[in-house]
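Colleague: So I've got this file, my_file.txt, and it contains compact mmCIF, C-alpha atoms:
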# COMPACT_ATOMS: atom_id res chain seq x y z
CA MET I 1 262.85 163.73 195.63
CA SER I 2 260.04 164.07 198.15
CA TYR I 3 257.72 161.17 198.83
CA LYS I 4 254.76 163.26 197.59
CA THR I 5 256.46 163.59 194.19
CA LYS I 6 257.05 159.82 194.11
CA LEU I 7 253.33 159.20 194.78
CA LYS I 8 252.54 160.44 191.26
CA ASN I 9 253.98 157.19 189.84
CA ILE I 10 252.26 154.72 192.18
CA ASP I 11 249.90 152.19 190.62
CA THR I 12 250.56 149.29 193.00
CA PHE I 13 250.06 149.04 196.76
CA ILE I 14 251.39 146.23 198.94
CA PHE I 15 250.55 145.93 202.62
CA ASP I 16 251.51 143.75 205.56
CA VAL I 17 248.71 142.66 207.91
CA ASP I 18 249.86 142.44 211.54
CA GLY I 19 250.97 145.87 212.71
CA VAL I 20 249.76 147.60 209.52
CA LEU I 21 246.19 146.55 208.72
CA THR I 22 245.85 145.57 212.40
CA ASP I 23 247.28 147.05 215.58
CA GLY I 24 249.37 143.91 215.99
CA SER I 25 247.13 142.42 218.66
CA VAL I 26 246.12 138.80 218.31
CA TYR I 27 243.03 137.77 220.22
CA LEU I 28 242.35 134.17 221.15
CA ILE I 29 238.65 133.44 221.24
CA ASN I 30 237.77 129.84 222.10
CA GLY I 31 241.18 128.84 220.76
CA ASP I 32 240.72 130.66 217.44
CA VAL I 33 242.93 133.58 216.43
CA CYS I 34 241.03 136.81 215.79
CA ARG I 35 242.30 140.08 214.31
CA VAL I 36 240.59 143.47 214.06
CA LEU I 37 240.70 145.39 210.78
CA ASN I 38 239.86 149.09 210.48
CA SER I 39 236.80 149.96 208.36
CA ARG I 40 238.40 153.21 207.13
CA ASP I 41 241.33 151.18 205.79
CA GLY I 42 238.80 148.83 204.20
CA TYR I 43 237.01 151.69 202.48
CA ALA I 44 240.24 153.06 201.01
CA LEU I 45 241.32 149.60 199.84
CA GLN I 46 238.06 148.94 198.00
CA TYR I 47 238.02 152.49 196.58
CA ALA I 48 241.54 152.13 195.14
CA SER I 49 240.72 148.65 193.86
CA LYS I 50 237.70 149.97 191.98
CA LEU I 51 239.98 152.58 190.42
CA SER I 52 242.07 149.65 189.07
CA TYR I 53 245.10 149.98 191.32
CA ASN I 54 247.00 146.75 191.91
CA ILE I 55 246.69 145.90 195.59
CA PHE I 56 248.40 142.98 197.27
CA VAL I 57 248.74 141.82 200.85
CA MET I 58 251.51 139.60 202.12
CA THR I 59 251.58 138.32 205.66
CA GLY I 60 253.41 135.77 207.74
CA GLY I 61 250.06 134.90 209.29
CA ASN I 62 247.66 132.21 208.18
CA SER I 63 244.18 133.64 208.74
CA VAL I 64 241.71 132.43 206.14
CA SER I 65 239.08 134.87 207.46
CA VAL I 66 241.43 137.85 207.02
CA LYS I 67 242.22 136.65 203.48
CA LYS I 68 238.51 136.35 202.64
CA ARG I 69 237.75 139.83 203.99
CA LEU I 70 240.60 141.39 201.99
CA LEU I 71 239.69 139.57 198.78
CA ASP I 72 236.09 140.78 199.25
CA LEU I 73 237.48 144.34 199.25
CA GLY I 74 239.05 143.79 195.83
CA ILE I 75 242.64 142.95 196.78
CA LYS I 76 244.21 141.06 193.83
CA GLU I 77 246.11 138.56 195.94
CA VAL I 78 246.54 137.85 199.63
CA ILE I 79 249.60 135.73 200.25
CA LEU I 80 249.54 133.95 203.60
CA LYS I 81 252.53 132.37 205.39
CA SER I 82 254.95 134.81 203.69
CA LYS I 83 258.09 133.88 205.58
CA ASN I 84 260.44 135.37 202.96
CA LYS I 85 258.68 138.49 201.73
CA ILE I 86 261.34 139.49 199.20
CA ASP I 87 260.78 136.20 197.36
CA VAL I 88 257.01 136.75 197.42
CA TYR I 89 257.55 140.30 196.16
CA GLU I 90 259.74 139.15 193.26
CA THR I 91 257.16 136.50 192.31
CA LEU I 92 254.36 139.10 192.31
CA LYS I 93 256.51 141.49 190.29
CA GLN I 94 257.10 138.88 187.60
CA LYS I 95 253.50 137.67 187.56
CA TYR I 96 251.92 141.15 187.34
CA ASN I 97 254.75 142.93 185.52
CA PHE I 98 255.03 146.00 187.76
CA LYS I 99 258.14 148.07 188.39
CA ASN I 100 259.72 148.88 191.74
CA GLU I 101 259.28 152.63 191.25
CA ASN I 102 255.51 152.19 190.85
CA VAL I 103 255.06 150.36 194.18
CA LEU I 104 254.11 151.77 197.57
CA TYR I 105 254.74 149.27 200.35
CA MET I 106 253.70 149.64 203.97
CA GLY I 107 255.35 147.46 206.58
CA ASP I 108 256.07 147.73 210.26
CA ASP I 109 258.75 145.23 211.25
CA ILE I 110 261.94 143.40 210.26
CA PRO I 111 260.31 140.90 207.82
CA ASP I 112 259.28 143.91 205.68
CA TYR I 113 262.77 145.45 205.53
CA ASN I 114 264.14 143.89 202.31
CA VAL I 115 261.01 144.62 200.29
CA MET I 116 260.91 148.19 201.55
CA LYS I 117 264.47 148.71 200.29
CA GLN I 118 263.31 147.79 196.74
CA VAL I 119 260.11 149.77 196.24
CA GLY I 120 259.47 153.29 194.97
CA VAL I 121 257.82 154.49 198.18
CA ALA I 122 258.46 152.75 201.50
CA THR I 123 255.98 153.68 204.22
CA CYS I 124 255.21 152.61 207.77
CA PRO I 125 252.77 153.22 210.61
CA GLN I 126 253.81 155.54 213.43
CA ASP I 127 254.43 152.62 215.78
CA ALA I 128 256.73 150.69 213.41
CA ALA I 129 260.06 149.24 214.49
CA VAL I 130 262.91 151.74 214.57
CA GLU I 131 264.74 149.91 211.77
CA ILE I 132 261.70 150.27 209.51
CA LYS I 133 261.22 153.94 210.35
CA ALA I 134 264.86 154.52 209.39
CA ILE I 135 264.29 153.35 205.79
CA SER I 136 260.79 154.74 205.27
CA ASP I 137 260.10 157.57 202.85
CA TYR I 138 257.02 158.37 204.92
CA GLN I 139 255.83 157.58 208.44
CA SER I 140 252.10 157.84 208.84
CA PRO I 141 251.01 159.78 211.92
CA PHE I 142 248.63 156.87 212.58
CA ASN I 143 249.51 153.60 214.28
CA GLY I 144 248.97 150.20 212.71
CA GLY I 145 245.29 149.27 212.53
CA LYS I 146 244.28 152.90 213.10
CA HIS I 147 243.81 153.91 209.45
CA CYS I 148 247.46 154.29 208.43
CA VAL I 149 246.58 152.34 205.25
CA ARG I 150 243.79 154.84 204.50
CA ASP I 151 246.33 157.62 205.05
CA VAL I 152 248.78 156.45 202.36
CA ILE I 153 246.10 155.43 199.86
CA GLU I 154 244.26 158.73 200.27
CA GLN I 155 247.46 160.75 199.90
CA THR I 156 248.40 158.86 196.75
CA LEU I 157 244.99 159.28 195.17
CA ARG I 158 244.88 162.99 196.12
CA VAL I 159 248.27 163.61 194.49
CA GLN I 160 246.98 161.83 191.39
CA GLY I 161 243.67 163.74 191.40
CA LYS I 162 241.61 160.57 191.97
CA TRP I 163 240.38 161.00 195.56
CA PHE I 164 236.82 162.17 196.14
CA GLY I 165 236.27 162.80 192.46
CA ASP I 166 233.12 161.92 190.57
CA LEU I 167 230.84 160.37 193.17
CA SER I 168 227.88 160.04 190.81
CA HIS I 169 228.65 156.39 190.07
CA GLN I 170 227.38 153.71 192.40
CA TRP I 171 229.68 151.03 193.78
Before anything else, please render the file you have as structure tokens.
Modeller:
Amino acid sequence: MSYKTKLKNIDTFIFDVDGVLTDGSVYLINGDVCRVLNSRDGYALQYASKLSYNIFVMTGGNSVSVKKRLLDLGIKEVILKSKNKIDVYETLKQKYNFKNENVLYMGDDIPDYNVMKQVGVATCPQDAAVEIKAISDYQSPFNGGKHCVRDVIEQTLRVQGKWFGDLSHQW
């Protein structure tokens, strides 16, 4: 079954941060860690959230400012310090009662591997680790932090007939 066919069943998105929502760079500014998020990814996240998709972010990082920004976009939960992502995934699955086949996950490196083996659609940015590319149903043509998240959300919503629909409502 093609990944496009699988997108019809997606109602839950889960994303990693470093290397997916960011390009993986970590900037130190006066001793504080700073990450850059892409506004096109942000638009797609808030758009899907307003359409009632479940959206979660799990990251090994511990950036309160990244968490705040993502929650402001409508993400249901942002789990920081996710050292064992499969455990976090199983906890989310129980708490929100979603099924593996309804989940699209985007990761870029080894900590994402076990979750990606469980979900309905495993995706990655173009610059993901070779091991992650090998198990992905879809590799975005965009690198991490360069609107690869927008790419998979937009494709999913287009397949489901929900992208760029009725724009008469105000958000």
Colleague: Quick check, in Å to one decimal: how far apart do atom CA of Leu21 of chain I and atom CA of Thr5 of chain I lie?
Modeller: 24.6 Å
Colleague: As a list of chain:residue names, please: the residues near Ala129 of chain I (cut-off 10 Å, all atoms listed in the file, same-chain neighbours under 2 positions excluded).
Modeller: I:Gly19, I:Gly107, I:Asp108, I:Asp109, I:Ile110, I:Cys124, I:Pro125, I:Gln126, I:Asp127, I:Glu131, I:Ile132, I:Lys133, I:Ala134
Colleague: Set the distance at 8 Å and use only C-alpha atoms: which residues neighbour Val159 of chain I once local chain neighbours fewer than 2 positions away are removed? I'd like the list as a ChimeraX atom specification.
Modeller: /I:4,7-8,155-157,161-162
Colleague: Using all atoms listed in the file, which of the listed residues (I:Glu77, I:Asp72, I:Asp11, I:Asp16) sits closest to Tyr113 of chain I?
Modeller: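 Closest residue, counting all atoms listed in the file: I:Asp16.
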Colleague: Just want the 10 Å neighbourhood of Ala44 of chain I, counted on only C-alpha atoms, with same-chain residues fewer than 5 positions away dropped. Output as a list of chain:residue names.
Modeller: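 Final neighbour list, sorted by chain and number: I:Ser39, I:Ser49, I:Lys50, I:Leu73, I:His147, I:Val149, I:Arg150, I:Asp151, I:Val152, I:Ile153, I:Glu154, I:Leu157, I:Trp163.
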Colleague: List as a VMD selection string the protein and nucleic acid residues near Asp18 of chain I, meaning an atom at most 8 Å away when only C-alpha atoms are counted, but skip any in the same chain fewer than 3 places from it.
Modeller: chain I and resid 21 to 25 59 61 144
Colleague: Rounded to one decimal place, report the atom CA of Asp41 of chain I-atom CA of Lys146 of chain I distance in Å.
Modeller: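 For atom CA of Asp41 of chain I relative to atom CA of Lys146 of chain I, the distance reads 8.1 Å.
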Colleague: Neighbours of Leu92 of chain I within 10 Å (all atoms listed in the file; same-chain residues fewer than 5 positions away dropped), as a PDB file with C-alpha atoms, in the frame of the given file?
Modeller:
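And here's out-v6.pdb as it stands now:
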ATOM      1  CA  PHE I  56     248.400 142.980 197.270  1.00  0.00           C
ATOM      2  CA  GLU I  77     246.110 138.560 195.940  1.00  0.00           C
ATOM      3  CA  ILE I  79     249.600 135.730 200.250  1.00  0.00           C
ATOM      4  CA  ILE I  86     261.340 139.490 199.200  1.00  0.00           C
ATOM      5  CA  ASP I  87     260.780 136.200 197.360  1.00  0.00           C
ATOM      6  CA  ASN I  97     254.750 142.930 185.520  1.00  0.00           C
ATOM      7  CA  PHE I  98     255.030 146.000 187.760  1.00  0.00           C
TER       8      PHE I  98
END
Colleague: Draw an axis-aligned box tight on the listed atoms of segment 107-117 of chain I, then pad every side by 5 Å and write out centre and edge lengths in Å to one decimal as lines of an AutoDock Vina configuration file.
Modeller:
center_x = 259.9
center_y = 144.8
center_z = 205.8
size_x = 19.1
size_y = 17.8
size_z = 21.0
